[in-house]
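As provided, target39.txt (compact mmCIF, C-alpha atoms) reads as follows.
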# COMPACT_ATOMS: atom_id res chain seq x y z
CA MET A 23 22.67 2.17 18.26
CA THR A 24 19.80 4.25 19.68
CA ASP A 25 16.12 3.36 19.36
CA THR A 26 15.62 6.35 17.04
CA VAL A 27 18.33 5.14 14.65
CA LYS A 28 16.87 1.62 14.70
CA GLY A 29 13.45 3.10 13.95
CA ILE A 30 14.74 5.12 11.00
CA ILE A 31 16.51 2.06 9.59
CA ALA A 32 13.31 0.02 9.91
CA ILE A 33 11.18 2.71 8.24
CA VAL A 34 13.65 3.22 5.37
CA ALA A 35 14.05 -0.55 4.83
CA THR A 36 10.27 -0.95 4.74
CA CYS A 37 9.83 1.80 2.15
CA VAL A 38 12.63 0.33 0.03
CA ILE A 39 10.89 -3.06 0.02
CA TRP A 40 7.58 -1.44 -0.91
CA GLY A 41 9.24 0.67 -3.59
CA LEU A 42 10.92 -2.31 -5.25
CA SER A 43 7.93 -4.66 -4.91
CA PRO A 44 6.66 -3.94 -8.48
CA ILE A 45 9.61 -6.06 -9.67
CA TYR A 46 8.22 -8.99 -7.70
CA TYR A 47 4.68 -8.59 -9.02
CA LYS A 48 6.00 -8.08 -12.55
CA ALA A 49 7.60 -11.53 -12.28
CA LEU A 50 4.07 -12.85 -11.66
CA SER A 51 2.48 -10.90 -14.53
CA HIS A 52 1.34 -14.18 -16.15
CA VAL A 53 -0.73 -15.01 -13.04
CA PRO A 54 -4.15 -13.29 -12.80
CA PRO A 55 -4.11 -10.51 -10.17
CA LEU A 56 -7.02 -11.99 -8.21
CA GLU A 57 -5.07 -15.22 -7.84
CA VAL A 58 -1.97 -13.34 -6.66
CA LEU A 59 -4.12 -11.32 -4.25
CA SER A 60 -5.66 -14.49 -2.84
CA HIS A 61 -2.23 -16.01 -2.23
CA ARG A 62 -1.14 -12.77 -0.62
CA ALA A 63 -4.03 -13.03 1.84
CA LEU A 64 -3.54 -16.77 2.46
CA TRP A 65 0.18 -16.73 3.22
CA SER A 66 -0.06 -13.45 5.14
CA PHE A 67 -2.71 -15.02 7.37
CA LEU A 68 -0.51 -18.03 8.08
CA LEU A 69 2.47 -15.84 8.99
CA PHE A 70 0.41 -13.50 11.18
CA ALA A 71 -1.27 -16.49 12.81
CA VAL A 72 2.12 -17.90 13.86
CA ILE A 73 3.22 -14.51 15.21
CA LEU A 74 0.01 -14.00 17.22
CA ILE A 75 0.04 -17.58 18.54
CA VAL A 76 3.61 -17.07 19.78
CA GLN A 77 2.51 -13.78 21.37
CA ARG A 78 -0.61 -15.51 22.79
CA ARG A 79 -2.83 -12.93 21.11
CA PHE A 80 -4.50 -15.06 18.42
CA GLY A 81 -7.89 -14.91 20.13
CA GLN A 82 -7.75 -11.12 20.19
CA MET A 83 -8.37 -11.08 16.42
CA PHE A 84 -11.83 -12.54 16.87
CA SER A 85 -12.52 -10.24 19.82
CA LEU A 86 -11.67 -7.27 17.58
CA ILE A 87 -14.03 -8.55 14.89
CA ARG A 88 -16.85 -8.89 17.43
CA GLU A 89 -16.19 -5.44 18.92
CA GLN A 90 -15.77 -3.47 15.67
CA PRO A 91 -17.17 -5.59 12.81
CA VAL A 92 -18.13 -2.69 10.51
CA LEU A 93 -14.83 -0.81 10.82
CA MET A 94 -12.74 -3.96 10.42
CA GLY A 95 -14.84 -5.09 7.45
CA LEU A 96 -14.44 -1.72 5.71
CA ALA A 97 -10.71 -1.68 6.46
CA ALA A 98 -10.34 -5.17 4.97
CA LEU A 99 -12.27 -4.07 1.88
CA MET A 100 -10.16 -0.93 1.34
CA ILE A 101 -6.77 -2.58 1.84
CA SER A 102 -7.76 -5.52 -0.39
CA ALA A 103 -8.83 -3.12 -3.16
CA ASN A 104 -5.55 -1.23 -2.74
CA TRP A 105 -3.51 -4.44 -2.92
CA PHE A 106 -5.41 -5.59 -6.00
CA LEU A 107 -4.90 -2.30 -7.84
CA PHE A 108 -1.21 -2.26 -6.98
CA ILE A 109 -0.71 -5.81 -8.25
CA LEU A 110 -2.70 -5.02 -11.40
CA SER A 111 -0.72 -1.83 -12.08
CA SER A 112 2.57 -3.76 -11.92
CA GLN A 113 1.27 -6.37 -14.34
CA ILE A 114 -0.19 -4.01 -16.97
CA ASP A 115 2.69 -1.50 -17.17
CA ARG A 116 1.03 1.20 -15.06
CA SER A 117 3.65 1.42 -12.30
CA THR A 118 4.39 5.06 -13.16
CA GLU A 119 0.75 5.89 -12.55
CA ALA A 120 0.74 3.82 -9.36
CA SER A 121 3.65 5.89 -8.04
CA VAL A 122 1.53 9.01 -8.58
CA GLY A 123 -1.14 7.47 -6.35
CA TYR A 124 1.26 6.97 -3.46
CA TYR A 125 2.74 10.44 -3.95
CA ILE A 126 -0.65 12.11 -3.59
CA TYR A 127 -2.04 9.78 -0.91
CA PRO A 128 -0.64 11.73 2.11
CA LEU A 129 -2.05 14.98 0.77
CA LEU A 130 -5.42 13.36 0.10
CA SER A 131 -5.36 12.10 3.70
CA VAL A 132 -4.74 15.68 4.86
CA LEU A 133 -7.71 16.87 2.78
CA ILE A 134 -9.95 14.14 4.21
CA GLY A 135 -8.79 15.10 7.69
CA ARG A 136 -9.80 18.70 7.01
CA PHE A 137 -13.36 17.96 5.87
CA VAL A 138 -14.13 14.81 7.86
CA LEU A 139 -12.24 15.38 11.12
CA SER A 140 -12.14 19.22 10.98
CA GLU A 141 -8.34 19.24 11.24
CA PRO A 142 -6.76 22.63 10.41
CA LEU A 143 -4.74 23.06 7.21
CA SER A 144 -1.79 25.44 6.87
CA PRO A 145 -1.47 27.67 3.77
CA LEU A 146 1.49 25.57 2.54
CA LYS A 147 -0.59 22.41 2.65
CA TRP A 148 -3.37 24.12 0.69
CA ILE A 149 -0.79 25.10 -1.94
CA ALA A 150 0.53 21.53 -2.01
CA ILE A 151 -3.00 20.16 -2.50
CA GLY A 152 -3.56 22.70 -5.30
CA LEU A 153 -0.36 21.57 -7.03
CA VAL A 154 -1.45 17.94 -6.85
CA PHE A 155 -4.90 18.78 -8.24
CA THR A 156 -3.26 20.70 -11.10
CA ALA A 157 -0.87 17.81 -11.81
CA VAL A 158 -3.74 15.30 -11.98
CA THR A 159 -5.61 17.66 -14.32
CA VAL A 160 -2.54 17.94 -16.57
CA LEU A 161 -2.22 14.14 -16.68
CA THR A 162 -5.92 13.75 -17.48
CA LEU A 163 -5.97 16.33 -20.26
CA GLY A 164 -2.54 15.48 -21.65
CA LEU A 165 -3.02 11.72 -21.76
CA GLY A 166 -6.69 11.92 -22.64
CA VAL A 167 -7.70 9.60 -19.82
CA VAL A 168 -8.34 9.97 -16.11
CA PRO A 169 -5.46 8.41 -14.09
CA PHE A 170 -7.84 5.86 -12.59
CA VAL A 171 -5.14 3.65 -11.05
CA ALA A 172 -3.41 6.56 -9.31
CA LEU A 173 -6.62 8.07 -7.96
CA SER A 174 -8.02 4.71 -6.86
CA LEU A 175 -4.82 3.78 -5.02
CA ALA A 176 -4.74 7.15 -3.27
CA VAL A 177 -8.45 7.10 -2.36
CA THR A 178 -8.54 3.52 -1.06
CA PHE A 179 -5.38 4.00 1.03
CA ALA A 180 -6.57 7.37 2.39
CA ILE A 181 -9.98 5.94 3.38
CA TYR A 182 -8.18 2.95 4.90
CA GLY A 183 -6.09 5.32 7.02
CA LEU A 184 -9.20 7.20 8.12
CA ILE A 185 -10.90 3.96 9.14
CA LYS A 186 -7.85 2.84 11.12
CA LYS A 187 -8.08 6.00 13.24
CA GLY A 188 -11.26 4.56 14.74
CA VAL A 189 -9.88 1.08 15.41
CA SER A 190 -8.87 0.45 19.00
CA ALA A 191 -5.91 -1.91 18.39
CA GLY A 192 -2.32 -1.88 17.22
CA PRO A 193 -1.22 -2.26 13.57
CA VAL A 194 -0.10 -5.90 13.76
CA LEU A 195 -3.37 -7.08 15.28
CA THR A 196 -5.54 -4.98 12.95
CA VAL A 197 -3.76 -6.07 9.75
CA ALA A 198 -3.91 -9.70 10.90
CA THR A 199 -7.65 -9.26 11.50
CA GLU A 200 -8.15 -7.69 8.06
CA VAL A 201 -6.35 -10.60 6.40
CA THR A 202 -8.46 -13.06 8.42
CA LEU A 203 -11.66 -11.43 7.15
CA VAL A 204 -10.45 -11.67 3.55
CA LEU A 205 -9.21 -15.27 3.96
CA PRO A 206 -12.53 -17.11 3.25
CA LEU A 207 -12.93 -15.26 -0.07
CA ALA A 208 -9.29 -15.96 -0.95
CA VAL A 209 -9.67 -19.69 -0.24
CA ILE A 210 -12.90 -19.87 -2.26
CA TRP A 211 -11.26 -18.10 -5.19
CA LEU A 212 -8.16 -20.32 -5.12
CA ALA A 213 -10.33 -23.43 -4.96
CA GLY A 214 -12.27 -22.13 -7.95
CA VAL A 215 -9.06 -21.38 -9.87
CA HIS A 216 -7.67 -24.86 -9.29
CA PHE A 217 -10.81 -26.96 -9.54
CA ALA A 218 -13.61 -24.96 -11.21
CA GLY A 219 -11.85 -23.04 -13.97
CA PHE A 220 -12.08 -19.55 -12.49
CA GLU A 221 -10.07 -17.15 -14.66
CA GLY A 222 -10.40 -13.62 -13.28
CA PHE A 223 -8.93 -10.99 -15.58
CA LYS A 224 -6.74 -13.35 -17.60
CA PRO A 225 -7.50 -16.69 -19.28
CA THR A 226 -5.67 -19.52 -17.52
CA THR A 227 -5.56 -23.29 -17.62
CA GLY A 228 -5.48 -23.79 -13.86
CA GLY A 229 -3.86 -22.35 -10.79
CA ALA A 230 -0.24 -21.27 -10.95
CA PHE A 231 0.58 -22.71 -7.53
CA GLY A 232 1.99 -26.21 -7.96
CA SER A 233 2.47 -25.86 -11.71
CA ASN A 234 6.20 -25.18 -11.27
CA TRP A 235 8.54 -24.49 -8.39
CA ARG A 236 9.30 -20.89 -9.44
CA ASP A 237 5.69 -19.69 -9.37
CA SER A 238 4.94 -21.65 -6.21
CA ILE A 239 7.83 -20.04 -4.30
CA LEU A 240 6.93 -16.58 -5.56
CA LEU A 241 3.31 -17.00 -4.48
CA ILE A 242 4.32 -18.26 -1.03
CA CYS A 243 6.61 -15.24 -0.70
CA ALA A 244 3.58 -12.98 -1.12
CA GLY A 245 2.96 -13.57 2.59
CA PRO A 246 6.35 -12.45 3.94
CA ILE A 247 6.56 -9.59 1.42
CA THR A 248 3.25 -8.32 2.81
CA SER A 249 3.69 -9.08 6.50
CA ILE A 250 7.34 -8.42 7.30
CA PRO A 251 7.42 -4.81 5.99
CA LEU A 252 4.26 -4.05 8.00
CA LEU A 253 5.94 -5.37 11.15
CA MET A 254 9.09 -3.35 10.39
CA PHE A 255 7.04 -0.22 9.73
CA SER A 256 5.16 -0.70 12.99
CA TYR A 257 8.46 -1.13 14.85
CA GLY A 258 9.95 2.00 13.28
CA ALA A 259 6.85 4.20 13.61
CA ARG A 260 6.89 3.74 17.39
CA ARG A 261 10.47 5.05 17.59
CA VAL A 262 10.52 8.07 15.28
CA SER A 263 8.37 11.17 14.87
CA MET A 264 5.35 11.34 12.59
CA ALA A 265 7.19 13.88 10.43
CA THR A 266 10.10 11.50 9.87
CA THR A 267 7.73 8.63 9.10
CA GLY A 268 5.73 10.73 6.63
CA ILE A 269 8.77 12.04 4.78
CA ALA A 270 10.44 8.60 4.65
CA PHE A 271 7.25 7.20 3.11
CA TYR A 272 8.08 9.06 -0.12
CA ILE A 273 10.99 6.68 -0.68
CA ASN A 274 8.30 4.17 -1.68
CA PRO A 275 6.72 6.02 -4.67
CA THR A 276 10.10 7.42 -5.72
CA LEU A 277 11.53 3.91 -6.09
CA GLN A 278 8.32 2.79 -7.82
CA PHE A 279 8.73 5.64 -10.29
CA LEU A 280 12.40 4.81 -10.95
CA VAL A 281 11.61 1.11 -11.40
CA ALA A 282 8.80 1.94 -13.84
CA VAL A 283 10.87 4.30 -15.99
CA LEU A 284 14.37 2.81 -15.77
CA ILE A 285 13.66 -0.92 -15.50
CA PHE A 286 10.20 -1.43 -17.02
CA ALA A 287 10.81 1.30 -19.65
CA GLU A 288 7.30 2.70 -19.24
CA PRO A 289 6.66 5.87 -21.28
CA PHE A 290 7.58 9.19 -19.67
CA GLY A 291 6.65 11.98 -22.05
CA THR A 292 6.11 15.71 -22.03
CA VAL A 293 2.90 15.47 -20.02
CA HIS A 294 4.71 13.54 -17.27
CA MET A 295 7.57 16.06 -17.35
CA ILE A 296 5.05 18.81 -16.59
CA ALA A 297 2.98 16.95 -14.00
CA PHE A 298 5.68 15.21 -11.95
CA PRO A 299 7.60 18.40 -10.97
CA MET A 300 4.28 19.73 -9.62
CA ILE A 301 3.85 16.57 -7.58
CA TRP A 302 7.43 16.70 -6.29
CA ALA A 303 6.97 20.37 -5.37
CA ALA A 304 3.84 19.43 -3.43
CA VAL A 305 5.82 16.72 -1.64
CA ILE A 306 8.48 19.26 -0.63
CA LEU A 307 5.87 21.69 0.69
CA TYR A 308 4.14 18.90 2.62
CA SER A 309 7.47 17.75 4.10
CA VAL A 310 8.45 21.28 5.15
CA THR A 311 5.11 21.72 6.90
CA ALA A 312 5.43 18.34 8.61
CA ILE A 313 8.89 19.23 9.92
CA ARG A 314 7.65 22.58 11.23
CA GLN A 315 4.71 20.98 12.99
CA ASP A 316 6.96 18.33 14.51
CA ARG A 317 9.34 21.00 15.86
CA ALA A 318 6.43 22.99 17.26
CA ALA A 319 5.08 19.90 19.00
CA ARG A 320 8.48 19.19 20.50
Turn the structure described in the file into structure tokens.
Amino acid sequence: MTDTVKGIIAIVATCVIWGLSPIYYKALSHVPPLEVLSHRALWSFLLFAVILIVQRRFGQMFSLIREQPVLMGLAALMISANWFLFILSSQIDRSTEASVGYYIYPLLSVLIGRFVLSEPLSPLKWIAIGLVFTAVTVLTLGLGVVPFVALSLAVTFAIYGLIKKGVSAGPVLTVATEVTLVLPLAVIWLAGVHFAGFEGFKPTTGGAFGSNWRDSILLICAGPITSIPLLMFSYGARRVSMATTGIAFYINPTLQFLVAVLIFAEPFGTVHMIAFPMIWAAVILYSVTAIRQDRAAR
């Protein structure tokens, strides 16, 4: 098996895990999202810490914080907000809207690249961006509410990607550093949940961890579910082209959409039937452009 094939398998497996993850967070819908987020940070830190200690790179996290404190702090803020919104969307039956966010995120990143980094945009990408803008407008007018979850997920992830362009370290080290920065807040919140009656967005009678074995195992698994796909994605991204990585990413929102409609039975009405084909058309145009650019680079 060649390195390219291994890379494709790793990328696809990662996107499948991400796409099916709403099922996991739905199983924790009775646990406040801030509590789930805090466990996600805690157990991710422990797993990354073990990996970096084995690699003898644990001290590099603190060096990165000292060298680029503002960028790493902003990156931690953006990815934490993105994680929180994703968890919340799974718990409040907004997974369909969350899938829209991850569909439009790559195109929003392209738009940010155009106006922030002065990167050129092809006519096809402009058309794709126009289709996405139209689709969001249709959803807003048709549903009578701005798709806040979708837009927030796309914006936070796109800004996160922009910030990471300025970070001088690999993905494993940077994500571990981001989790480390969030860790003190996560520990404070979990202590408050268990001992001070913190409730977050849902009334509770104490922390879920330790109340029963099912919830405890699910909360511990928040670490591996966060960390392992990131390691797999990093492994795959080094072995395949950017075009392949970008196109494979759309497995994630497609599975989220299917889970939302087919498993969670979230509503999918006329407005969605008008907006989603526009989004899928934009995805196709973006993918065609990415393939062309990849061939030209080769």
query = Using all atoms listed in the file, which of A:Ala97, A:Val158, A:Ile75, A:Leu56 sits nearest Val209 (chain A)?
reply =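 Smallest distance to Val209 (chain A) is found for A:Leu56.
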ask   = Interatomic distance between CA of Trp235 (chain A) and CA of Glu57 (chain A)?
value =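 CA of Glu57 (chain A) lies 16.5 Å from CA of Trp235 (chain A).
For the atom pair formed by CA of Asn274 (chain A) and CA of Trp40 (chain A), the distance is 5.7 Å, given to one decimal.
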message = Set the distance at 9 Å and use all atoms listed in the file: which residues neighbour Val281 (chain A) once local chain neighbours fewer than 5 positions away are removed? I'd like the list as JSON, numbers by chain.
response = {"A": [41, 42, 44, 45, 117, 118, 276, 286, 287]}
Residues within 9 Å of Ile301 (chain A), all atoms listed in the file, excluding chain neighbours under 6 positions, as a PyMOL selection string = chain A and resi 122+125-126+150+153-154+156-158
Region 73-172 of chain A residues near region 242-248 of chain A within 12 Å, closest pair each, using all atoms listed in the file, as a tab-separated table:
residue	atom	partner	partner_atom	distance
A:Ile73	CA	A:Pro246	CA	11.9
A:Ile101	CA	A:Thr248	CA	11.6
A:Ser102	CA	A:Thr248	CA	11.8
A:Trp105	CA	A:Thr248	CA	9.7
A:Ile109	CA	A:Ala244	CA	11.0
Polymer residues at most 10 Å from Ser144 (chain A), all atoms listed in the file, same-chain spacing of 3 or more positions, as a ChimeraX atom specification = /A:147-150,308,311,315
message = Env of Leu50 (chain A): 10 Å cut, atoms = all atoms listed in the file, seq-sep filter 6 positions within chain, self excluded. Answer as an MDAnalysis selection string.
response = chainID A and resid 44 58 109 112:113 230 236:237 240:241
inquiry  = For Arg261 (chain A), find every residue with an atom within 12 Å (counting all atoms listed in the file), except residues of its own chain fewer than 5 positions away, and show them as a PyMOL selection string.
reply    = chain A and resi 24-33+254-256+266-267
ask   = Between CA of Met23 (chain A) and CA of Ala270 (chain A), what is the distance, to one decimal in Å?
value =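 Interatomic distance here is 19.4 Å.
Residues of protein, DNA or RNA having at least one counted atom within 9 Å of (-4.3, 4.6, -9.4), given all atoms listed in the file, are A:Asn104, A:Leu107, A:Phe108, A:Ser111, A:Arg116, A:Glu119, A:Ala120, A:Ser121, A:Val122, A:Gly123, A:Tyr124, A:Pro169, A:Phe170, A:Val171, A:Ala172, A:Leu173, A:Ser174, A:Leu175, A:Ala176, A:Val177.
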Would you place a box with edges along x, y and z of the file around all atoms of region 38-54 of chain A listed there, add 5 Å to each of its six sides, and report the centre and edge lengths in Å to one decimal, as lines of an AutoDock Vina configuration file?
center_x = 4.2
center_y = -7.2
center_z = -8.1
size_x = 26.8
size_y = 25.7
size_z = 26.2
key: Using all atoms listed in the file: which of A:Thr178, A:Gln278, A:Ser309, A:Ser263 has the shortest distance to Met100 (chain A)   =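 Nearest candidate to Met100 (chain A) out of A:Thr178, A:Gln278, A:Ser309, A:Ser263: A:Thr178.
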Distance criterion (all atoms listed in the file): nearest to Ala297 (chain A) out of A:Leu163, A:Ile185, A:Val201, A:Ala218 = A:Leu163
inquiry  = I'd like to know which of A:Leu99, A:Tyr127, A:Thr196, A:Leu277 is closest to Ala180 (chain A), using all atoms listed in the file.
reply    =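 Answer, going by the shortest atom-to-atom distance: A:Tyr127.
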